[in-house]
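One file, target_33.cif, is given below (mmCIF, C-alpha atoms).
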```cif
data_final
loop_
_atom_site.label_atom_id
_atom_site.label_comp_id
_atom_site.auth_asym_id
_atom_site.auth_seq_id
_atom_site.Cartn_x
_atom_site.Cartn_y
_atom_site.Cartn_z
CA MET A 1 -3.89 7.34 19.73
CA TYR A 2 -4.22 4.33 17.42
CA LEU A 3 -7.35 3.62 15.38
CA ALA A 4 -8.28 0.57 13.32
CA GLY A 5 -11.29 -0.95 11.59
CA SER A 6 -13.71 -0.01 8.84
CA GLU A 7 -15.94 2.05 11.11
CA MET A 8 -12.99 4.17 12.15
CA ALA A 9 -11.75 4.33 8.54
CA GLU A 10 -14.81 6.09 7.17
CA ARG A 11 -14.48 8.94 9.66
CA PHE A 12 -10.66 9.01 9.48
CA PHE A 13 -10.39 9.22 5.69
CA GLY A 14 -13.36 11.58 5.43
CA ALA A 15 -12.03 14.13 7.93
CA GLY A 16 -11.05 17.55 6.63
CA ASP A 17 -7.64 19.12 7.20
CA ASP A 18 -9.21 21.39 9.81
CA GLU A 19 -10.10 18.25 11.79
CA LEU A 20 -7.17 15.89 11.20
CA SER A 21 -4.04 17.58 9.89
CA HIS A 22 -1.78 15.74 7.44
CA ALA A 23 0.96 18.35 7.74
CA GLU A 24 1.21 18.13 11.51
CA GLY A 25 0.78 14.37 11.43
CA TRP A 26 3.68 13.81 9.07
CA ASP A 27 5.81 16.26 11.10
CA VAL A 28 5.79 13.59 13.80
CA VAL A 29 7.23 11.09 11.29
CA PHE A 30 9.97 13.06 9.53
CA GLY A 31 9.51 16.70 10.50
CA GLY A 32 10.52 19.17 7.83
CA ARG A 33 13.68 17.35 6.80
CA PHE A 34 12.38 16.76 3.26
CA GLY A 35 10.42 20.01 2.93
CA ARG A 36 6.72 20.35 2.09
CA GLY A 37 4.76 18.79 -0.76
CA VAL A 38 1.51 17.06 -1.62
CA LEU A 39 2.03 14.45 1.11
CA ASN A 40 2.54 16.78 4.07
CA LEU A 41 0.56 19.94 3.29
CA ASP A 42 -2.96 20.97 4.22
CA GLY A 43 -5.60 23.30 2.86
CA ASP A 44 -5.41 25.44 -0.26
CA ARG A 45 -1.73 24.83 -0.95
CA HIS A 46 -2.21 21.08 -0.90
CA ARG A 47 -5.24 21.28 -3.19
CA SER A 48 -3.53 23.53 -5.73
CA TYR A 49 -0.31 21.49 -5.82
CA ARG A 50 -2.23 18.20 -6.10
CA GLN A 51 -4.41 19.57 -8.89
CA ALA A 52 -1.29 20.69 -10.78
CA LEU A 53 0.52 17.37 -10.42
CA MET A 54 -2.33 14.89 -10.89
CA PRO A 55 -2.32 14.99 -14.72
CA LEU A 56 1.27 13.71 -14.68
CA LEU A 57 0.31 10.65 -12.64
CA ARG A 58 -3.05 9.57 -14.00
CA ARG A 59 -3.33 6.08 -15.43
CA SER A 60 -3.63 7.58 -18.93
CA ALA A 61 -0.29 9.40 -18.53
CA LEU A 62 1.86 6.40 -17.61
CA THR A 63 3.12 5.39 -21.07
CA ALA A 64 6.19 7.63 -20.92
CA HIS A 65 6.93 6.52 -17.36
CA GLN A 66 6.67 2.87 -18.41
CA GLU A 67 9.47 3.42 -20.92
CA THR A 68 11.68 4.89 -18.17
CA ILE A 69 10.89 2.04 -15.78
CA THR A 70 11.63 -0.57 -18.45
CA GLU A 71 14.94 1.05 -19.43
CA LEU A 72 16.23 1.16 -15.84
CA LEU A 73 14.78 -2.26 -15.04
CA VAL A 74 16.57 -3.97 -17.93
CA CYS A 75 19.92 -2.58 -16.73
CA ALA A 76 19.23 -3.54 -13.12
CA VAL A 77 18.18 -7.11 -13.93
CA ARG A 78 21.41 -7.64 -15.87
CA SER A 79 23.37 -6.88 -12.70
CA LEU A 80 21.58 -9.46 -10.55
CA PRO A 81 23.82 -12.33 -9.40
CA VAL A 82 22.67 -15.80 -10.41
CA GLY A 83 22.73 -18.83 -8.12
CA THR A 84 23.42 -16.90 -4.92
CA PRO A 85 21.07 -15.22 -2.40
CA VAL A 86 20.03 -11.67 -3.23
CA ASP A 87 18.69 -9.12 -0.76
CA LEU A 88 15.48 -8.27 -2.60
CA HIS A 89 14.74 -5.14 -0.59
CA ASN A 90 18.16 -3.61 -1.24
CA PHE A 91 17.75 -4.33 -4.95
CA THR A 92 14.24 -2.88 -5.31
CA GLN A 93 14.94 0.18 -3.14
CA SER A 94 17.89 1.13 -5.34
CA LEU A 95 15.93 0.53 -8.54
CA THR A 96 12.79 2.39 -7.50
CA PHE A 97 14.82 5.33 -6.26
CA LYS A 98 16.48 5.63 -9.66
CA VAL A 99 13.06 5.49 -11.33
CA ALA A 100 11.60 8.18 -9.06
CA ALA A 101 14.65 10.41 -9.44
CA ARG A 102 14.50 10.08 -13.25
CA VAL A 103 10.71 10.59 -13.51
CA PHE A 104 10.39 13.51 -11.10
CA ALA A 105 13.83 15.16 -11.28
CA GLY A 106 15.39 14.07 -14.59
CA MET A 107 18.43 12.69 -12.72
CA ASP A 108 20.94 10.26 -14.12
CA GLU A 109 22.02 7.21 -12.10
CA HIS A 110 25.04 8.95 -10.56
CA GLU A 111 22.93 11.82 -9.19
CA ALA A 112 20.23 9.39 -8.07
CA ASP A 113 22.76 7.33 -6.10
CA GLU A 114 24.04 10.45 -4.35
CA LEU A 115 20.53 11.65 -3.58
CA GLN A 116 19.53 8.25 -2.18
CA THR A 117 22.51 8.33 0.18
CA LEU A 118 21.49 11.81 1.33
CA PHE A 119 17.88 10.70 1.82
CA GLY A 120 19.21 7.93 4.03
CA GLU A 121 20.83 10.60 6.21
CA LEU A 122 17.53 12.47 6.48
CA ARG A 123 15.07 9.59 6.98
CA THR A 124 15.93 9.05 10.65
CA PRO A 125 16.10 11.92 13.17
CA PRO A 126 19.58 12.71 14.54
CA ALA A 127 20.54 10.58 17.54
CA GLY A 128 21.52 12.36 20.73
CA GLU A 129 20.54 15.71 22.19
CA LEU A 130 21.87 19.02 20.98
CA GLY A 131 24.61 20.22 23.29
CA THR A 132 26.21 16.79 23.48
CA PRO A 133 29.11 15.85 21.18
CA GLY A 134 27.09 13.07 19.52
CA GLY A 135 24.00 15.21 19.10
CA ASN A 136 25.92 18.17 17.69
CA HIS A 137 27.79 15.95 15.22
CA ALA A 138 24.53 14.34 14.04
CA ALA A 139 22.87 17.74 13.62
CA ARG A 140 25.76 19.00 11.51
CA ARG A 141 25.63 15.86 9.38
CA VAL A 142 21.91 16.28 8.75
CA GLY A 143 22.40 19.97 7.99
CA ARG A 144 25.04 19.17 5.37
CA ALA A 145 22.76 16.57 3.82
CA ARG A 146 19.84 19.01 3.62
CA ARG A 147 21.99 21.67 1.95
CA ARG A 148 23.29 19.21 -0.64
CA VAL A 149 19.76 17.92 -1.34
CA ARG A 150 18.62 21.49 -1.99
CA GLU A 151 21.54 22.00 -4.39
CA LEU A 152 20.65 18.87 -6.35
CA LEU A 153 16.97 19.82 -6.49
CA ARG A 154 17.75 23.37 -7.65
CA GLY A 155 19.64 21.75 -10.53
CA ALA A 156 16.64 19.57 -11.26
CA VAL A 157 14.29 22.58 -11.33
CA CYS A 158 16.53 24.33 -13.86
CA ARG A 159 16.88 21.19 -15.96
CA LEU A 160 13.13 20.54 -16.12
CA GLU A 161 11.83 24.06 -16.70
CA HIS A 162 11.13 23.43 -20.41
CA ILE A 163 9.75 19.89 -19.98
CA ASP A 164 6.18 18.99 -19.14
CA GLY A 165 6.62 17.87 -15.57
CA PRO A 166 6.28 19.04 -11.97
CA VAL A 167 8.27 22.25 -12.53
CA ARG A 168 6.16 23.56 -15.42
CA ARG A 169 2.91 22.41 -13.81
CA LEU A 170 3.62 24.13 -10.49
CA ARG A 171 4.94 27.29 -12.15
CA ALA A 172 1.71 27.50 -14.16
CA LEU A 173 -0.42 27.91 -11.03
CA PRO A 174 -2.09 31.32 -10.50
CA ASP A 175 0.05 31.74 -7.38
CA PRO A 176 3.15 29.70 -8.27
CA PRO A 177 5.48 28.57 -5.49
CA PRO A 178 9.14 29.70 -5.50
CA ASP A 179 11.70 27.35 -6.99
CA ASP A 180 12.89 26.11 -3.58
CA VAL A 181 9.33 24.99 -2.77
CA ILE A 182 9.06 23.31 -6.18
CA GLY A 183 12.24 21.46 -5.25
CA GLU A 184 10.66 20.38 -1.97
CA ASN A 185 7.65 19.02 -3.86
CA ILE A 186 10.02 17.00 -6.04
CA ALA A 187 11.77 15.68 -2.92
CA ILE A 188 8.45 14.57 -1.42
CA LEU A 189 7.41 12.89 -4.69
CA ILE A 190 10.69 10.97 -4.81
CA LEU A 191 10.47 10.02 -1.13
CA ALA A 192 6.89 8.78 -1.40
CA GLY A 193 7.53 7.16 -4.78
CA TYR A 194 10.54 5.00 -3.99
CA GLU A 195 10.22 3.87 -0.40
CA THR A 196 6.74 2.41 -0.67
CA THR A 197 7.16 0.94 -4.15
CA GLY A 198 10.54 -0.58 -3.36
CA TYR A 199 9.22 -2.19 -0.20
CA LEU A 200 6.10 -3.61 -1.84
CA SER A 201 8.07 -4.93 -4.84
CA ALA A 202 10.50 -6.75 -2.55
CA ARG A 203 7.71 -8.22 -0.45
CA LEU A 204 5.89 -9.47 -3.54
CA LEU A 205 9.01 -11.11 -4.98
CA TRP A 206 9.73 -12.72 -1.61
CA GLN A 207 6.21 -14.10 -1.35
CA LEU A 208 6.56 -15.62 -4.80
CA ALA A 209 9.92 -17.11 -3.81
CA ARG A 210 8.14 -18.76 -0.85
CA HIS A 211 5.14 -19.92 -2.91
CA PRO A 212 6.37 -21.69 -6.08
CA ARG A 213 2.88 -22.44 -7.41
CA GLU A 214 1.91 -18.78 -7.30
CA GLN A 215 5.23 -17.94 -8.93
CA GLU A 216 4.55 -20.35 -11.79
CA ALA A 217 1.05 -18.94 -12.24
CA VAL A 218 2.39 -15.39 -12.49
CA ARG A 219 5.21 -16.47 -14.81
CA GLY A 220 2.78 -18.20 -17.14
CA GLU A 221 0.47 -15.22 -17.62
CA PRO A 222 0.73 -13.83 -21.16
CA GLY A 223 0.43 -10.22 -22.19
CA ASP A 224 0.77 -6.93 -20.34
CA PRO A 225 1.74 -7.31 -16.66
CA ALA A 226 -0.33 -4.22 -15.85
CA THR A 227 -3.53 -6.11 -16.67
CA ALA A 228 -2.52 -9.69 -15.73
CA PRO A 229 -5.23 -10.97 -13.33
CA ARG A 230 -3.11 -13.41 -11.30
CA LEU A 231 -0.36 -10.87 -10.76
CA ASP A 232 -3.03 -8.37 -9.73
CA ALA A 233 -4.38 -10.81 -7.14
CA VAL A 234 -0.88 -11.48 -5.77
CA PHE A 235 -0.25 -7.72 -5.67
CA SER A 236 -3.44 -7.09 -3.69
CA GLU A 237 -2.77 -9.91 -1.21
CA THR A 238 0.82 -8.77 -0.65
CA ALA A 239 -0.35 -5.18 -0.11
CA ARG A 240 -2.94 -6.49 2.34
CA LEU A 241 -0.42 -8.40 4.43
CA HIS A 242 2.36 -5.83 4.11
CA PRO A 243 1.07 -2.30 3.46
CA PRO A 244 4.07 -0.01 2.88
CA LEU A 245 2.46 2.59 5.16
CA ALA A 246 1.40 0.46 8.12
CA TRP A 247 0.18 3.50 10.06
CA LEU A 248 -1.13 6.77 8.64
CA PRO A 249 -0.31 9.79 10.82
CA ARG A 250 -2.56 12.77 11.58
CA LYS A 251 -2.89 15.35 14.33
CA ALA A 252 -6.25 16.46 15.67
CA ARG A 253 -6.86 20.17 15.28
CA THR A 254 -10.15 20.11 17.15
CA ASP A 255 -12.03 17.83 19.52
CA LEU A 256 -13.45 14.91 17.53
CA GLY A 257 -15.52 11.80 17.86
CA VAL A 258 -14.37 8.91 15.67
CA GLY A 259 -16.41 5.72 15.80
CA GLY A 260 -17.44 6.40 19.38
CA THR A 261 -13.87 7.29 20.39
CA LYS A 262 -13.27 10.83 21.69
CA ILE A 263 -10.12 12.52 20.41
CA SER A 264 -8.96 15.77 21.99
CA ALA A 265 -7.43 18.60 19.97
CA GLY A 266 -3.65 18.23 19.77
CA THR A 267 -3.72 14.42 19.90
CA GLU A 268 -1.41 12.52 17.57
CA VAL A 269 -3.57 10.01 15.69
CA PHE A 270 -2.34 6.94 13.81
CA TYR A 271 -4.69 4.82 11.72
CA SER A 272 -3.48 1.22 11.53
CA VAL A 273 -3.78 0.05 7.95
CA SER A 274 -1.99 -3.17 8.89
CA ASP A 275 -4.39 -4.17 11.68
CA THR A 276 -7.46 -3.28 9.63
CA GLN A 277 -6.30 -5.37 6.68
CA ARG A 278 -5.84 -8.40 8.96
CA ASP A 279 -9.27 -8.15 10.54
CA PRO A 280 -10.58 -11.74 10.96
CA GLU A 281 -14.14 -10.50 10.65
CA VAL A 282 -13.36 -9.35 7.10
CA PHE A 283 -10.67 -11.80 5.90
CA ASP A 284 -10.73 -15.54 6.60
CA ASP A 285 -7.38 -16.78 7.93
CA PRO A 286 -6.15 -13.17 7.82
CA HIS A 287 -2.43 -13.86 8.39
CA ALA A 288 -2.15 -16.36 5.54
CA PHE A 289 -0.94 -15.51 2.04
CA GLN A 290 -3.97 -16.39 -0.10
CA PRO A 291 -4.11 -14.43 -3.39
CA GLN A 292 -7.12 -16.51 -4.42
CA ARG A 293 -9.31 -14.35 -2.16
CA PHE A 294 -8.80 -11.52 -4.68
CA ALA A 295 -8.68 -13.67 -7.80
CA GLU A 296 -12.18 -14.92 -7.08
CA GLY A 297 -13.56 -11.40 -6.71
CA GLU A 298 -14.58 -11.62 -3.06
CA ARG A 299 -16.09 -8.40 -1.76
CA HIS A 300 -14.44 -7.10 1.39
CA GLY A 301 -15.88 -3.63 1.91
CA ARG A 302 -14.84 -0.13 0.92
CA PHE A 303 -12.14 0.38 3.57
CA ALA A 304 -10.96 -3.21 4.02
CA LEU A 305 -7.96 -2.66 1.71
CA THR A 306 -6.31 0.78 1.86
CA PRO A 307 -2.53 0.29 1.38
CA PHE A 308 -2.37 3.61 -0.50
CA GLY A 309 -4.85 5.46 1.69
CA ALA A 310 -8.37 6.36 0.63
CA GLY A 311 -10.69 9.27 -0.02
CA ARG A 312 -9.64 12.70 -1.24
CA ARG A 313 -6.05 12.23 0.01
CA ILE A 314 -5.44 8.83 -1.58
CA CYS A 315 -1.83 8.52 -2.73
CA VAL A 316 -1.30 10.71 -5.79
CA GLY A 317 1.13 8.16 -7.24
CA ILE A 318 -1.01 5.06 -6.75
CA HIS A 319 -1.14 4.21 -10.48
CA LEU A 320 2.57 4.76 -11.05
CA GLY A 321 3.55 2.73 -7.98
CA THR A 322 1.25 -0.14 -8.92
CA LEU A 323 2.51 -0.24 -12.51
CA GLU A 324 6.15 -0.07 -11.42
CA THR A 325 5.75 -2.91 -8.93
CA LYS A 326 4.04 -5.14 -11.49
CA LEU A 327 6.69 -4.45 -14.14
CA ILE A 328 9.52 -5.21 -11.72
CA VAL A 329 7.98 -8.45 -10.51
CA SER A 330 6.95 -9.68 -13.94
CA SER A 331 10.36 -8.96 -15.46
CA ILE A 332 12.27 -10.80 -12.73
CA VAL A 333 9.90 -13.77 -12.54
CA ARG A 334 10.02 -14.25 -16.30
CA ALA A 335 13.83 -14.21 -16.27
CA PHE A 336 14.54 -16.15 -13.08
CA ARG A 337 13.17 -18.90 -10.87
CA LEU A 338 13.16 -17.58 -7.31
CA SER A 339 13.57 -19.69 -4.17
CA ALA A 340 13.69 -18.47 -0.57
CA PRO A 341 15.95 -20.10 2.04
CA GLU A 342 14.35 -22.02 4.87
CA GLY A 343 13.69 -20.05 8.01
CA PRO A 344 11.05 -18.24 10.05
CA TYR A 345 8.69 -15.75 8.49
CA ILE A 346 10.25 -12.28 8.34
CA GLY A 347 8.06 -9.53 9.74
CA ASP A 348 8.41 -5.76 9.61
CA VAL A 349 9.86 -2.97 11.71
CA SER A 350 9.17 0.75 11.67
CA HIS A 351 11.68 3.38 12.68
CA ASN A 352 9.38 6.37 12.28
CA GLY A 353 5.91 5.15 13.21
CA SER A 354 4.55 4.98 9.65
CA THR A 355 6.67 3.39 6.94
CA VAL A 356 8.02 -0.11 7.41
CA ALA A 357 11.02 -2.18 6.39
CA PRO A 358 11.72 -5.92 6.64
CA ALA A 359 12.99 -6.94 10.06
CA ALA A 360 15.72 -9.01 8.34
CA PRO A 361 17.01 -9.27 4.75
CA LEU A 362 14.47 -10.71 2.31
CA LEU A 363 16.77 -13.21 0.65
CA ALA A 364 16.02 -15.19 -2.47
CA ARG A 365 18.16 -17.26 -4.81
CA LEU A 366 17.74 -16.47 -8.51
CA ASP A 367 18.30 -19.18 -11.12
CA ARG A 368 18.06 -18.17 -14.73
CA ILE A 369 15.29 -19.79 -16.76
CA SER A 370 16.77 -21.30 -19.90
CA GLY A 371 15.27 -20.48 -23.24
#
```
Could I get this file's structure written as structure tokens?
Amino acid sequence: MYLAGSEMAERFFGAGDDELSHAEGWDVVFGGRFGRGVLNLDGDRHRSYRQALMPLLRRSALTAHQETITELLVCAVRSLPVGTPVDLHNFTQSLTFKVAARVFAGMDEHEADELQTLFGELRTPPAGELGTPGGNHAARRVGRARRRVRELLRGAVCRLEHIDGPVRRLRALPDPPPDDVIGENIAILILAGYETTGYLSARLLWQLARHPREQEAVRGEPGDPATAPRLDAVFSETARLHPPLAWLPRKARTDLGVGGTKISAGTEVFYSVSDTQRDPEVFDDPHAFQPQRFAEGERHGRFALTPFGAGRRICVGIHLGTLETKLIVSSIVRAFRLSAPEGPYIGDVSHNGSTVAPAAPLLARLDRISG
């Protein structure tokens, strides 16, 4: 069942885990292939893990992460080809994965590249049924990938045990999880941290490549990108048009009524962030890219813009993801002039019913700005 709209949102985001299960909802999207963590747990375990990890991701704790982002970003920007089209999504996905792997697992670039390849094996369910040659081969491939991911994460847990990070925070709980479960939490943090941030960063750069005046306005803003008002408006408008989680999955654990809609226990429920954020009753000309609607401080309602979720289960990494996106965009726009090739608008596709990817490469030409 698909839900959309602010009336639905209030009930959807306010529901308890005993009403709408996150764990069972996300099982529909990627099962247990990445383990269990703050994204796909319910109840006491979710609350305790979230409480342990939140101090690492608060706005006030981002200074150390900003140094890591900047270090990796400087190296990545140097590798960008000049004067030829670049696939922005490929670039930002690789960069944000390296950032997430460094921040949450202490991995170097070589380990991060291997882990990203393995995550690619796990993101999509195996094709073919078990018992068929194709299905059996795919299942073995996924099994090998899962075993190697666990090996890499066990190494990360050992490496981080004396550093203030997810390992120490989770081990300090009154009922600490075993190391394999700590590794699964790290995997979920990396998964949630790179895929959404990489997608949103690419979309924002592509929008600026298509809108030269907005690009010049962002390039001309002085000071810290994290607090630059025009970049913030462009960020909000891009997240409105292209939320990285277009649909949020849940599963009803009991019979519910949501905005006059009856939902039976056991129903798979998807809240459409994308449709809600393009509601013509809330946003004038909802399919148009108009950052000015946020720059002028228009009020749209509590649940009109929820690209990172809302309520008690709002994305734990919202501040880190926002900062990372703004740093990436600001750094590239200040170094290059971006231009997008002519062609139709590129929409999105989803292969798992929740996260999205561009339906075609988001290409942009980068020309270095002299001086």
Can you work out the spacing between CA of Ile314 (chain A) and CA of Phe13 (chain A) in Å, to one decimal?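 One can read the CA of Ile314 (chain A) to CA of Phe13 (chain A) distance as 8.8 Å.
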Go through A:Gly37, A:Gly317, A:Phe12, A:Leu305 and flag the residue nearest Ile263 (chain A), using only C-alpha atoms for the distances.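 When distances to Ile263 (chain A) are compared using only C-alpha atoms, the smallest one comes from A:Phe12.
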Quick one: everything within 10 Å of His46 (chain A), counting all atoms listed in the file, minus sequence neighbours fewer than 6 positions away in the same chain. Send it as a list in words. Asp17, His22, Ala23, Arg36, Gly37, Val38, Leu39, Asn40, Ala52 and Arg313 of chain A
Run the PyMOL selection byres ((chain A and resi 166) around 12) mentally over the shown coordinates, then write out the matched residues as a ChimeraX atom specification, using the chain letters and numbers from the document. /A:37-38,49-57,103-106,156-165,167-173,176-177,179,181-190
Separation of CA of Asp27 (chain A) from CA of Leu248 (chain A) in Å: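 Taking CA of Leu248 (chain A) and CA of Asp27 (chain A), their separation equals 12.0 Å.
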Write out as a PyMOL selection string the residues lying within 9 Å of region 252-261 of chain A, counting all atoms listed in the file and excluding same-chain residues fewer than 2 positions away. chain A and resi 3+7-12+17-21+24-25+250+263-269
May I have the residues within 12 Å of Phe235 (chain A) as a ChimeraX atom specification, using all atoms listed in the file and disregarding those fewer than 5 positions away in the same chain? /A:197,200-208,214,218,225-230,240-243,289-295,305,307,321-330
Residue nearest Thr84 (chain A) among A:Ala145, A:Leu118, A:Leu338, A:Val29 (counting only C-alpha atoms): A:Leu338
Under the PyMOL selection byres ((chain A and resi 100) around 12), which residues of this model are included? Write them out as a PDB file with C-alpha atoms, in the coordinates of the input.
```pdb
ATOM      1  CA  HIS A  65       6.930   6.520 -17.360  1.00  0.00           C
ATOM      2  CA  GLN A  66       6.670   2.870 -18.410  1.00  0.00           C
ATOM      3  CA  THR A  68      11.680   4.890 -18.170  1.00  0.00           C
ATOM      4  CA  ILE A  69      10.890   2.040 -15.780  1.00  0.00           C
ATOM      5  CA  LEU A  72      16.230   1.160 -15.840  1.00  0.00           C
ATOM      6  CA  THR A  92      14.240  -2.880  -5.310  1.00  0.00           C
ATOM      7  CA  GLN A  93      14.940   0.180  -3.140  1.00  0.00           C
ATOM      8  CA  SER A  94      17.890   1.130  -5.340  1.00  0.00           C
ATOM      9  CA  LEU A  95      15.930   0.530  -8.540  1.00  0.00           C
ATOM     10  CA  THR A  96      12.790   2.390  -7.500  1.00  0.00           C
ATOM     11  CA  PHE A  97      14.820   5.330  -6.260  1.00  0.00           C
ATOM     12  CA  LYS A  98      16.480   5.630  -9.660  1.00  0.00           C
ATOM     13  CA  VAL A  99      13.060   5.490 -11.330  1.00  0.00           C
ATOM     14  CA  ALA A 101      14.650  10.410  -9.440  1.00  0.00           C
ATOM     15  CA  ARG A 102      14.500  10.080 -13.250  1.00  0.00           C
ATOM     16  CA  VAL A 103      10.710  10.590 -13.510  1.00  0.00           C
ATOM     17  CA  PHE A 104      10.390  13.510 -11.100  1.00  0.00           C
ATOM     18  CA  ALA A 105      13.830  15.160 -11.280  1.00  0.00           C
ATOM     19  CA  GLY A 106      15.390  14.070 -14.590  1.00  0.00           C
ATOM     20  CA  MET A 107      18.430  12.690 -12.720  1.00  0.00           C
ATOM     21  CA  ASP A 108      20.940  10.260 -14.120  1.00  0.00           C
ATOM     22  CA  GLU A 109      22.020   7.210 -12.100  1.00  0.00           C
ATOM     23  CA  GLU A 111      22.930  11.820  -9.190  1.00  0.00           C
ATOM     24  CA  ALA A 112      20.230   9.390  -8.070  1.00  0.00           C
ATOM     25  CA  ASP A 113      22.760   7.330  -6.100  1.00  0.00           C
ATOM     26  CA  LEU A 115      20.530  11.650  -3.580  1.00  0.00           C
ATOM     27  CA  GLN A 116      19.530   8.250  -2.180  1.00  0.00           C
ATOM     28  CA  ILE A 186      10.020  17.000  -6.040  1.00  0.00           C
ATOM     29  CA  ALA A 187      11.770  15.680  -2.920  1.00  0.00           C
ATOM     30  CA  ILE A 188       8.450  14.570  -1.420  1.00  0.00           C
ATOM     31  CA  LEU A 189       7.410  12.890  -4.690  1.00  0.00           C
ATOM     32  CA  ILE A 190      10.690  10.970  -4.810  1.00  0.00           C
ATOM     33  CA  LEU A 191      10.470  10.020  -1.130  1.00  0.00           C
ATOM     34  CA  ALA A 192       6.890   8.780  -1.400  1.00  0.00           C
ATOM     35  CA  GLY A 193       7.530   7.160  -4.780  1.00  0.00           C
ATOM     36  CA  TYR A 194      10.540   5.000  -3.990  1.00  0.00           C
ATOM     37  CA  GLU A 195      10.220   3.870  -0.400  1.00  0.00           C
ATOM     38  CA  THR A 196       6.740   2.410  -0.670  1.00  0.00           C
ATOM     39  CA  THR A 197       7.160   0.940  -4.150  1.00  0.00           C
ATOM     40  CA  GLY A 198      10.540  -0.580  -3.360  1.00  0.00           C
ATOM     41  CA  GLY A 317       1.130   8.160  -7.240  1.00  0.00           C
ATOM     42  CA  LEU A 320       2.570   4.760 -11.050  1.00  0.00           C
ATOM     43  CA  GLY A 321       3.550   2.730  -7.980  1.00  0.00           C
ATOM     44  CA  GLU A 324       6.150  -0.070 -11.420  1.00  0.00           C
TER      45      GLU A 324
END
```
Rank nothing, just name the residue among A:Cys315, A:Ala357, A:Ala340, A:Val282 nearest to Arg299 (chain A), using only C-alpha atoms.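 When distances to Arg299 (chain A) are compared using only C-alpha atoms, the smallest one comes from A:Val282.
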In Å, how far is it from CA of Ala304 (chain A) to CA of Asp279 (chain A)? 8.4 Å
If the PyMOL selection byres ((chain A and resi 81) around 12) were run on this exact file, what residues would it hold? Put them as a PyMOL selection string. chain A and resi 76-80+82-88+91+336+364-368
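The nearest approach to Arg123 (chain A) among the residues A:Asn352, A:Glu342, A:Gln215, A:Pro361, with all atoms listed in the file taken into account, belongs to A:Asn352.
Excluding Ile369 (chain A) itself and same-chain residues fewer than 5 positions from it, the residues having an atom within 9 Å of it are Arg334, Ala335, Phe336 and Arg337 of chain A, counting only C-alpha atoms.
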Best match for closeness to Leu122 (chain A) among A:Gly223, A:Gly14, A:Gly31, A:Pro174, counting all atoms listed in the file: A:Gly31
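With only C-alpha atoms as the atoms that count, the minimum distance from Arg150 (chain A) to the choices A:Pro249, A:Glu237, A:Asp180, A:His351 is reached by A:Asp180.
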Would you mind writing region 26-35 of chain A with N, CA, C and O atoms, as a compact mmCIF listing (two decimals), keeping the file's coordinate frame?
```txt
# COMPACT_ATOMS: atom_id res chain seq x y z
N TRP A 26 2.42 14.26 9.65
CA TRP A 26 3.68 13.81 9.07
C TRP A 26 4.88 14.48 9.71
O TRP A 26 6.00 13.95 9.65
N ASP A 27 4.70 15.64 10.36
CA ASP A 27 5.81 16.26 11.10
C ASP A 27 6.31 15.33 12.20
O ASP A 27 7.49 15.34 12.54
N VAL A 28 5.39 14.54 12.76
CA VAL A 28 5.79 13.59 13.80
C VAL A 28 6.71 12.51 13.21
O VAL A 28 7.61 12.01 13.89
N VAL A 29 6.49 12.18 11.94
CA VAL A 29 7.23 11.09 11.29
C VAL A 29 8.61 11.55 10.82
O VAL A 29 9.63 10.93 11.14
N PHE A 30 8.66 12.62 10.02
CA PHE A 30 9.97 13.06 9.53
C PHE A 30 10.17 14.57 9.56
O PHE A 30 11.08 15.10 8.93
N GLY A 31 9.30 15.26 10.35
CA GLY A 31 9.51 16.70 10.50
C GLY A 31 9.55 17.41 9.17
O GLY A 31 8.85 17.04 8.24
N GLY A 32 10.39 18.43 9.08
CA GLY A 32 10.52 19.17 7.83
C GLY A 32 11.79 18.83 7.09
O GLY A 32 12.24 19.62 6.25
N ARG A 33 12.37 17.66 7.37
CA ARG A 33 13.68 17.35 6.80
C ARG A 33 13.66 17.22 5.29
O ARG A 33 14.68 17.38 4.63
N PHE A 34 12.48 16.89 4.71
CA PHE A 34 12.38 16.76 3.26
C PHE A 34 11.60 17.92 2.64
O PHE A 34 11.35 17.92 1.44
N GLY A 35 11.19 18.89 3.44
CA GLY A 35 10.42 20.01 2.93
C GLY A 35 8.93 19.70 2.94
O GLY A 35 8.45 18.80 3.63
```
